[in-house]
file run31.txt (compact mmCIF, C-alpha atoms)
# COMPACT_ATOMS: atom_id res chain seq x y z
CA MET A 1 215.89 168.58 443.51
CA GLU A 2 213.52 170.94 445.30
CA ILE A 3 214.20 173.65 442.77
CA ALA A 4 213.31 171.28 439.96
CA LEU A 5 210.09 170.25 441.70
CA ASN A 6 209.14 173.89 442.28
CA PHE A 7 209.83 174.66 438.64
CA ILE A 8 207.58 171.78 437.52
CA GLY A 9 204.91 172.96 439.92
CA LYS A 10 205.00 176.48 438.51
CA ILE A 11 204.73 175.15 434.97
CA LYS A 12 201.72 173.06 436.00
CA GLN A 13 200.08 176.14 437.52
CA GLN A 14 200.65 178.14 434.34
CA VAL A 15 199.20 175.36 432.22
CA ALA A 16 196.21 175.11 434.56
CA LYS A 17 195.65 178.87 434.26
CA VAL A 18 195.57 178.58 430.48
CA ILE A 19 193.30 175.51 430.41
CA ALA A 20 191.02 176.41 433.33
CA PRO A 21 188.89 179.09 431.60
CA GLU A 22 188.08 176.67 428.77
CA ILE A 23 187.09 173.94 431.20
CA ASP A 24 185.08 176.39 433.29
CA GLU A 25 183.29 177.63 430.21
CA ASN A 26 182.50 174.07 429.18
CA LEU A 27 181.20 173.17 432.62
CA SER A 28 179.07 176.29 432.83
CA MET A 29 177.64 175.45 429.40
CA ILE A 30 176.73 171.94 430.59
CA ASP A 31 175.23 173.41 433.74
CA ALA A 32 173.15 175.86 431.71
CA ALA A 33 171.97 173.04 429.44
CA ARG A 34 170.96 171.06 432.53
CA ASN A 35 168.83 173.99 433.59
CA GLY A 36 167.00 174.04 430.26
CA ASP A 37 169.15 176.47 428.24
CA ARG A 38 168.58 175.37 424.63
CA VAL A 39 171.34 177.58 423.23
CA ALA A 40 173.87 175.99 425.56
CA PHE A 41 172.64 172.55 424.56
CA GLY A 42 173.02 173.52 420.89
CA LYS A 43 176.67 174.37 421.56
CA LEU A 44 177.19 171.06 423.30
CA TYR A 45 175.62 169.33 420.31
CA LYS A 46 178.09 170.95 417.94
CA GLN A 47 180.98 170.09 420.20
CA TYR A 48 180.12 166.47 420.98
CA ALA A 49 178.37 165.37 417.76
CA PRO A 50 181.57 164.00 416.16
CA MET A 51 182.23 161.82 419.20
CA VAL A 52 178.68 160.41 419.13
CA HIS A 53 178.98 159.94 415.37
CA ALA A 54 182.15 157.92 415.89
CA ILE A 55 180.51 155.74 418.54
CA MET A 56 177.61 155.02 416.19
CA LEU A 57 179.86 154.44 413.20
CA ALA A 58 181.74 151.84 415.23
CA ARG A 59 178.53 149.86 415.80
CA VAL A 60 175.62 150.38 413.44
CA PRO A 61 175.16 150.39 409.63
CA ARG A 62 176.44 153.60 408.10
CA ILE A 63 173.05 154.49 406.65
CA GLU A 64 171.52 154.66 410.12
CA VAL A 65 174.25 156.67 411.79
CA GLU A 66 172.92 160.18 411.10
CA ASP A 67 169.44 159.47 412.45
CA LEU A 68 170.81 157.74 415.51
CA VAL A 69 173.10 160.65 416.30
CA GLN A 70 170.03 162.89 416.30
CA ASP A 71 168.21 160.37 418.48
CA VAL A 72 171.03 160.37 421.00
CA PHE A 73 170.92 164.13 421.36
CA VAL A 74 167.16 164.16 421.69
CA ILE A 75 167.45 161.57 424.47
CA ALA A 76 170.24 163.61 426.04
CA LEU A 77 168.14 166.78 425.87
CA ASN A 78 165.26 165.08 427.65
CA ARG A 79 167.43 163.47 430.30
CA ILE A 80 170.16 166.01 430.91
CA HIS A 81 168.39 167.23 434.05
CA THR A 82 169.17 163.83 435.61
CA LEU A 83 172.92 164.39 435.15
CA ARG A 84 174.34 165.13 438.59
CA GLU A 85 177.94 165.93 437.77
CA PRO A 86 178.61 168.28 434.84
CA LYS A 87 182.16 166.94 434.55
CA ALA A 88 180.75 163.53 433.68
CA PHE A 89 178.76 164.83 430.70
CA GLY A 90 181.06 163.31 428.07
CA ALA A 91 181.13 159.86 429.65
CA TRP A 92 177.38 160.04 430.22
CA LEU A 93 176.76 160.97 426.58
CA CYS A 94 178.96 158.06 425.49
CA MET A 95 176.80 155.72 427.54
CA VAL A 96 173.60 157.17 426.07
CA ALA A 97 175.02 156.66 422.56
CA ARG A 98 176.16 153.09 423.25
CA ASN A 99 172.79 152.18 424.76
CA ARG A 100 170.95 153.69 421.81
CA ALA A 101 173.11 151.72 419.40
CA LEU A 102 172.40 148.53 421.37
CA ASP A 103 168.67 149.23 421.37
CA PHE A 104 168.77 149.81 417.64
CA LEU A 105 170.64 146.57 416.98
CA ARG A 106 168.21 144.64 419.18
CA SER A 107 165.18 146.12 417.44
CA VAL A 108 166.62 145.31 414.04
CA GLN A 109 167.24 141.73 415.11
CA ILE A 110 163.76 141.43 416.57
CA GLN A 111 161.94 142.90 413.58
CA THR A 112 163.52 141.09 410.66
CA GLU A 113 167.03 140.25 409.93
CA LEU A 114 167.05 141.88 406.53
CA SER A 115 170.44 142.26 405.00
CA ASP A 116 171.73 145.47 403.48
CA GLU A 117 171.33 143.93 400.02
CA VAL A 118 167.59 143.39 400.53
CA LEU A 119 167.17 146.92 401.84
CA GLY A 120 169.01 148.32 398.84
CA HIS A 121 171.72 149.77 401.04
CA LYS A 122 174.44 147.66 399.60
CA GLN A 123 177.27 149.82 398.34
CA PRO A 124 180.30 148.97 396.31
CA GLU A 125 183.07 147.64 398.50
CA THR A 126 185.57 150.44 398.27
CA GLU A 127 188.92 150.45 400.01
CA ALA A 128 187.63 152.94 402.55
CA LEU A 129 184.64 150.77 403.43
CA ALA A 130 186.87 147.72 403.70
CA ILE A 131 189.13 149.55 406.15
CA LEU A 132 186.13 150.82 408.11
CA ASN A 133 184.77 147.29 408.37
CA THR A 134 188.17 146.07 409.52
CA ILE A 135 188.20 148.72 412.25
CA ARG A 136 184.70 147.63 413.24
CA SER A 137 185.98 144.12 413.77
CA LEU A 138 188.46 145.33 416.41
CA PRO A 139 187.69 145.27 420.14
CA GLU A 140 185.21 147.96 421.24
CA ALA A 141 187.66 150.24 423.05
CA TYR A 142 190.06 150.29 420.10
CA ARG A 143 187.50 150.77 417.35
CA GLU A 144 185.82 153.76 419.00
CA THR A 145 189.11 155.51 419.69
CA LEU A 146 190.50 154.78 416.23
CA ILE A 147 187.38 156.06 414.48
CA MET A 148 187.47 159.23 416.56
CA ARG A 149 191.08 159.72 415.55
CA LEU A 150 191.12 158.56 411.94
CA VAL A 151 187.58 159.41 410.79
CA GLU A 152 186.60 162.40 412.90
CA GLY A 153 190.12 163.84 413.07
CA MET A 154 190.08 164.31 416.82
CA THR A 155 193.41 164.36 418.64
CA GLY A 156 194.22 162.12 421.60
CA PRO A 157 193.77 164.90 424.20
CA GLU A 158 190.43 165.86 422.65
CA ILE A 159 189.24 162.26 422.77
CA ALA A 160 190.29 162.02 426.41
CA GLU A 161 188.54 165.27 427.33
CA GLN A 162 185.28 164.43 425.59
CA THR A 163 184.95 160.77 426.52
CA GLY A 164 186.10 161.20 430.09
CA MET A 165 188.85 158.61 429.65
CA THR A 166 192.34 159.30 430.95
CA PRO A 167 194.89 160.45 428.37
CA ASP A 168 196.97 157.37 429.12
CA SER A 169 194.05 155.05 428.32
CA VAL A 170 193.42 156.87 425.06
CA ARG A 171 197.09 156.67 424.13
CA VAL A 172 197.14 152.94 424.85
CA ASN A 173 193.93 152.34 422.90
CA LEU A 174 195.24 154.28 419.92
CA SER A 175 198.59 152.57 419.94
CA ARG A 176 197.30 149.01 420.38
CA GLY A 177 194.34 149.58 418.09
CA MET A 178 196.59 150.89 415.34
CA LYS A 179 198.90 147.93 415.80
CA MET A 180 196.01 145.48 415.46
CA LEU A 181 194.65 147.36 412.45
CA ARG A 182 198.03 147.24 410.73
CA GLU A 183 198.26 143.51 411.37
CA LYS A 184 194.77 142.88 410.03
CA LEU A 185 195.21 145.08 406.98
CA GLY A 186 198.58 143.43 406.33
CA SER A 187 197.13 139.96 406.53
CA GLU A 188 194.22 140.95 404.30
CA ALA A 189 196.62 142.44 401.74
CA GLU A 190 198.63 139.22 401.80
CA TYR A 191 195.41 137.22 401.31
CA GLU A 192 194.43 139.37 398.31
CA THR A 193 197.84 139.01 396.62
CA GLN A 194 197.66 135.25 397.16
CA GLN A 195 194.23 135.22 395.50
CA GLN A 196 195.59 137.13 392.48
CA MET B 1 205.23 148.55 408.83
CA LYS B 2 207.85 150.60 410.59
CA HIS B 3 206.84 153.05 413.23
CA ASN B 4 208.68 154.79 416.02
CA ASN B 5 207.95 157.33 418.77
CA ASN B 6 207.56 160.14 416.25
CA ASN B 7 204.82 158.15 414.53
CA GLU B 8 203.19 157.52 417.91
CA ASP B 9 203.20 161.27 418.51
CA TYR B 10 201.60 161.84 415.15
CA LEU B 11 198.93 159.28 415.97
CA TRP B 12 198.45 160.90 419.37
CA ASP B 13 198.02 164.55 418.46
CA GLY B 14 199.26 165.06 414.93
CA SER B 15 202.62 166.37 416.10
CA GLY B 16 206.05 164.96 415.21
CA LYS B 17 207.00 163.27 411.98
CA PRO B 18 203.91 162.36 409.95
CA ASP B 19 203.13 158.66 409.69
CA LYS B 20 202.36 158.02 406.02
CA GLU B 21 200.12 155.08 406.74
CA VAL B 22 198.09 157.04 409.29
CA GLN B 23 197.86 159.94 406.85
CA HIS B 24 196.60 157.55 404.16
CA LEU B 25 193.98 156.16 406.52
CA GLU B 26 192.92 159.67 407.55
CA LYS B 27 192.49 160.63 403.91
CA LEU B 28 190.51 157.51 403.04
CA LEU B 29 188.30 157.43 406.10
CA GLY B 30 187.75 161.19 406.11
CA GLN B 31 184.82 160.69 403.73
CA PHE B 32 182.84 159.15 406.59
CA LYS B 33 183.44 162.15 408.83
CA TYR B 34 180.50 163.72 410.60
CA GLU B 35 178.83 166.42 408.54
CA LYS B 36 177.53 169.27 410.59
CA LYS B 37 173.77 169.32 410.85
CA GLU B 38 171.36 171.28 412.92
CA LEU B 39 169.73 169.34 415.71
CA GLN B 40 166.13 168.68 414.69
CA ILE B 41 163.79 168.03 417.55
CA LYS B 42 160.18 167.17 416.83
CA GLU B 43 157.64 168.66 419.18
CA SER B 44 156.50 165.21 420.22
CA GLN B 45 160.05 164.38 421.31
CA LYS B 46 160.28 167.27 423.73
CA ARG B 47 160.04 166.56 427.39
CA VAL B 48 156.80 167.74 428.88
CA VAL B 49 157.57 170.55 431.29
CA TRP B 50 155.10 170.61 434.16
CA SER B 51 153.48 173.99 434.34
CA VAL B 52 152.91 175.88 437.57
CA TYR B 53 149.17 175.17 437.39
CA THR B 54 149.71 171.43 437.01
CA ARG B 55 152.07 171.40 439.96
CA PHE B 56 149.60 173.41 442.01
CA ALA B 57 146.79 171.03 441.08
CA LEU B 58 148.88 168.04 442.10
CA VAL B 59 149.79 169.61 445.44
CA ALA B 60 146.15 170.53 446.06
CA ALA B 61 145.04 167.00 445.23
CA THR B 62 147.63 165.54 447.59
CA ILE B 63 146.49 167.81 450.43
CA LEU B 64 142.84 166.98 449.74
CA ILE B 65 143.51 163.25 449.76
CA THR B 66 145.54 163.51 452.97
CA LEU B 67 142.86 165.55 454.73
CA SER B 68 140.08 163.24 453.65
CA GLY B 69 142.11 160.26 454.79
CA LEU B 70 142.51 161.87 458.20
CA TRP B 71 138.80 162.63 458.29
CA LEU B 72 137.99 159.04 457.43
CA LEU B 73 140.27 157.81 460.22
CA ALA B 74 138.64 160.13 462.73
CA ASN B 75 135.19 159.11 461.57
CA LYS B 76 136.12 155.47 461.89
CA SER B 77 137.05 155.98 465.55
CA ASN B 78 133.67 157.71 466.13
CA ILE B 79 131.90 154.73 464.64
CA ALA B 80 133.82 152.47 467.02
CA VAL B 81 132.67 154.60 469.99
CA LEU B 82 129.08 154.34 468.80
CA ASP B 83 129.40 150.55 468.59
CA THR B 84 130.55 150.33 472.19
CA LYS B 85 127.69 152.58 473.28
CA ILE B 86 125.20 150.29 471.57
CA GLN B 87 126.70 147.27 473.30
CA ILE B 88 126.50 148.99 476.69
CA ALA B 89 122.92 150.08 476.12
CA ASN B 90 121.86 146.52 475.22
CA LYS B 91 123.23 145.05 478.48
CA PRO B 92 120.90 145.22 481.57
CA ASN B 93 122.40 147.38 484.29
CA ILE B 94 121.62 145.01 487.15
CA LYS B 95 124.23 146.23 489.53
CA ALA B 96 123.16 149.82 489.28
CA THR B 97 119.51 148.94 489.78
CA SER B 98 120.16 146.93 492.93
CA GLU B 99 122.28 149.69 494.39
CA VAL B 100 119.54 152.18 493.72
CA LYS B 101 116.99 149.95 495.38
CA SER B 102 119.00 149.60 498.56
CA VAL B 103 119.69 153.30 498.79
CA HIS B 104 116.06 154.13 498.18
CA ASN B 105 114.88 151.70 500.90
CA ASP B 106 117.27 153.18 503.38
CA ASN B 107 115.93 156.57 502.50
CA GLN B 108 112.34 155.48 503.19
CA VAL B 109 113.27 153.92 506.53
CA GLN B 110 115.17 156.96 507.61
CA SER B 111 112.39 159.38 506.68
CA ASN B 112 109.64 157.37 508.39
CA GLN B 113 111.33 156.37 511.63
CA ASN B 114 113.99 158.86 512.61
CA ASN B 115 112.64 162.16 511.24
CA GLN B 116 115.93 163.24 509.90
CA THR B 117 116.43 166.64 508.44
CA ALA B 118 115.63 167.51 504.86
CA LYS B 119 119.28 168.15 504.36
CA ASN B 120 120.15 164.53 504.91
CA LEU B 121 117.34 163.46 502.62
CA THR B 122 118.63 165.75 499.95
CA ILE B 123 122.03 164.18 500.25
CA VAL B 124 120.58 160.72 499.89
CA ASP B 125 118.48 161.86 496.94
CA ASN B 126 121.58 163.26 495.31
CA SER B 127 123.24 159.89 495.69
CA ILE B 128 120.32 158.38 493.85
CA ASN B 129 120.54 160.92 491.08
CA ASN B 130 124.23 160.18 490.65
CA VAL B 131 123.46 156.63 489.58
CA GLU B 132 123.86 156.27 485.88
CA MET B 133 120.69 154.52 484.72
CA PRO B 134 117.33 155.83 485.91
CA ALA B 135 116.12 152.37 487.01
CA LEU B 136 114.53 153.81 490.09
CA LYS B 137 111.82 152.04 491.61
CA ILE B 138 110.33 150.25 489.43
CA LYS B 139 106.80 150.83 488.56
CA ASP B 140 105.57 149.40 485.25
CA HIS B 141 105.13 152.67 483.45
CA GLN B 142 108.58 153.75 484.56
CA LYS B 143 110.07 150.50 483.21
CA ILE B 144 108.34 151.02 479.88
CA HIS B 145 109.57 154.59 479.75
CA HIS B 146 113.09 153.51 480.58
CA ASN B 147 113.06 150.81 477.88
CA SER B 148 111.78 153.27 475.31
CA ILE B 149 114.69 155.60 476.15
CA LYS B 150 117.10 152.75 475.63
CA VAL B 151 115.54 151.92 472.27
CA LYS B 152 115.74 155.55 471.26
CA GLN B 153 119.42 155.67 472.20
CA VAL B 154 120.12 152.56 470.15
CA GLU B 155 118.18 153.97 467.21
CA VAL B 156 120.13 157.21 467.38
CA ALA B 157 123.40 155.29 467.48
CA ILE B 158 122.41 153.16 464.51
CA ASN B 159 121.21 156.21 462.62
CA SER B 160 124.47 158.06 463.23
CA GLU B 161 126.44 154.97 462.13
CA ASP B 162 124.44 154.84 458.90
CA GLU B 163 124.96 158.55 458.41
CA SER B 164 128.72 158.24 458.86
CA LYS B 165 128.87 155.36 456.38
CA GLU B 166 126.83 157.34 453.92
CA ALA B 167 129.12 160.35 454.44
CA ALA B 168 132.16 158.18 453.81
CA LYS B 169 130.62 156.89 450.58
CA GLN B 170 129.84 160.43 449.46
CA LEU B 171 133.36 161.54 450.29
CA LEU B 172 134.86 158.71 448.26
CA LEU B 173 132.63 159.61 445.34
CA ALA B 174 133.69 163.24 445.65
CA LEU B 175 137.34 162.18 445.66
CA GLN B 176 136.83 160.07 442.55
CA ILE B 177 135.23 163.00 440.78
CA ALA B 178 138.03 165.32 441.92
CA SER B 179 140.73 162.94 440.69
CA THR B 180 138.96 162.52 437.33
CA LYS B 181 138.81 166.30 436.97
CA LEU B 182 142.49 166.56 437.82
CA ASN B 183 143.36 163.96 435.18
CA ILE B 184 141.39 165.88 432.58
CA ALA B 185 143.10 169.13 433.60
CA GLN B 186 146.50 167.45 433.42
CA LYS B 187 145.77 166.09 429.93
CA ARG B 188 144.71 169.53 428.77
CA VAL B 189 147.86 171.10 430.14
CA GLN B 190 149.98 168.48 428.40
CA GLU B 191 148.13 169.02 425.13
CA ASN B 192 148.69 172.76 425.45
CA SER B 193 152.38 172.26 426.14
CA TYR B 194 152.71 170.05 423.01
CA GLN B 195 150.99 172.71 420.93
call {"tool": "encode", "arguments": {"input": "run31.txt", "output": "structure tokens"}}
result
Amino acid sequence: MEIALNFIGKIKQQVAKVIAPEIDENLSMIDAARNGDRVAFGKLYKQYAPMVHAIMLARVPRIEVEDLVQDVFVIALNRIHTLREPKAFGAWLCMVARNRALDFLRSVQIQTELSDEVLGHKQPETEALAILNTIRSLPEAYRETLIMRLVEGMTGPEIAEQTGMTPDSVRVNLSRGMKMLREKLGSEAEYETQQQ
Amino acid sequence: MKHNNNNEDYLWDGSGKPDKEVQHLEKLLGQFKYEKKELQIKESQKRVVWSVYTRFALVAATILITLSGLWLLANKSNIAVLDTKIQIANKPNIKATSEVKSVHNDNQVQSNQNNQTAKNLTIVDNSINNVEMPALKIKDHQKIHHNSIKVKQVEVAINSEDESKEAAKQLLLALQIASTKLNIAQKRVQENSYQ
């Protein structure tokens, strides 16, 4: 039993040795960005932009997503010096993105509730858009994770690392979210065949 | 919709047996994937970084305000002292006058009757001089002189009170000017940093 435990411990150490430099590099990059290093912040932007894009895509009209992603990073650039713990950068960025999306939705509601048709943003309802809208109708935790996985092509471990969630939570969100999506798509397909 | 652990693995990290449905979704939804773009930051969106000069100006202003506050406090206590002096000067010093009278009478008696030494007289005279108010004996011109001294003291006290108030006003004005100048300097620094 002890031998087995020692063996597992050694494997863990080896894995940590392989992963540690990457994590260290990431943390030092975040630290440099906190201290005003624009190049480091540019690297973070490239690394985390898909995650922010997914968060926006899960909430706001598609036409607004690009601009809002830029907004989020501008806000992050101006506020990154307030980030105390570099490890929490991903989770912090998620919060910035969610808050920006909320602000946008509030402002749109306050200004005028113009529909996409009035704005000329209405697009033909393709299968892809229909699926995206179905994902958007899922609970928040599921839709974000599913979009990161299915749209942005991120793997579960990558999602966990960037968002600050535990791998188990991500796995559960993916699994349950996919189950709900299948059910919804199945019921919609049934509804369409009944209509025909 | 069949799926097993292999499909879960594929959903998790793309390993294991590919899930056809997930693959189909990936293919369809891939068109919405993030397209790499450079981060564009307008100059107006940049955070204003406080320059060394601005920081120095702020620190200097803080010190100036603190010092002037302390000065005002000290000056206020001086004004309070002056007020008490005025009150004391306005009250008649009856007790002191009566004491002086009695001492002076004793002195006259002693000098006329007992021929005491000059030393003793000097001692008694010193005791008279130690009395605070010069309400010695009490001729009319002396009274007038004494009253004029009192009036002068009161006038001086009032004048110094007015002066201190005037100084405080001037100091406040100077502080207002200094803060206005600092604001202008800060605006200029910010404009420069935007440019």
call {"tool": "interface_residues", "arguments": {"input": "run31.txt", "of": "chain B", "to": "chain A", "cutoff": "7 Å", "atoms": "only C-alpha atoms", "output": "list of chain:residue names"}}
result
B:Trp12, B:Asp13, B:Gly14, B:Leu25, B:Glu26, B:Leu28, B:Leu29, B:Gly30, B:Phe32, B:Lys33, B:Tyr34, B:Leu39, B:Ile41, B:Lys46, B:Arg47
call {"tool": "atom_distance", "arguments": {"input": "run31.txt", "atom1": "atom CA of A:Ala76", "atom2": "atom CA of A:Arg98"}}
result
12.4 Å
call {"tool": "atom_distance", "arguments": {"input": "run31.txt", "atom1": "atom CA of A:Glu144", "atom2": "atom CA of A:Asp168"}}
result
15.5 Å
call {"tool": "residues_around", "arguments": {"input": "run31.txt", "residues": "A:Glu85", "least_positions_apart": "2", "cutoff": "12 Å", "atoms": "all atoms listed in the file", "output": "PDB file with C-alpha atoms, keeping the file's coordinate frame"}}
result
ATOM      1  CA  LEU A  27     181.200 173.170 432.620  1.00  0.00           C
ATOM      2  CA  SER A  28     179.070 176.290 432.830  1.00  0.00           C
ATOM      3  CA  ILE A  30     176.730 171.940 430.590  1.00  0.00           C
ATOM      4  CA  ASP A  31     175.230 173.410 433.740  1.00  0.00           C
ATOM      5  CA  ARG A  34     170.960 171.060 432.530  1.00  0.00           C
ATOM      6  CA  ILE A  80     170.160 166.010 430.910  1.00  0.00           C
ATOM      7  CA  HIS A  81     168.390 167.230 434.050  1.00  0.00           C
ATOM      8  CA  THR A  82     169.170 163.830 435.610  1.00  0.00           C
ATOM      9  CA  LEU A  83     172.920 164.390 435.150  1.00  0.00           C
ATOM     10  CA  LYS A  87     182.160 166.940 434.550  1.00  0.00           C
ATOM     11  CA  ALA A  88     180.750 163.530 433.680  1.00  0.00           C
ATOM     12  CA  PHE A  89     178.760 164.830 430.700  1.00  0.00           C
ATOM     13  CA  GLY A  90     181.060 163.310 428.070  1.00  0.00           C
ATOM     14  CA  ALA A  91     181.130 159.860 429.650  1.00  0.00           C
ATOM     15  CA  TRP A  92     177.380 160.040 430.220  1.00  0.00           C
TER      16      TRP A  92
END
call {"tool": "atom_distance", "arguments": {"input": "run31.txt", "atom1": "atom CA of A:Ser137", "atom2": "atom CA of A:Gln47"}}
result
27.2 Å
call {"tool": "closest_residue", "arguments": {"input": "run31.txt", "among": "A:Arg100, A:Arg106, A:Arg176, A:Lys43", "to": "A:Arg143", "atoms": "all atoms listed in the file"}}
result
A:Arg176
call {"tool": "residues_around", "arguments": {"input": "run31.txt", "residues": "stretch 162-176 of chain B", "least_positions_apart": "3", "cutoff": "12 Å", "atoms": "all atoms listed in the file", "output": "PyMOL selection string"}}
result
chain B and resi 61-80+82-83+155-159+179-183
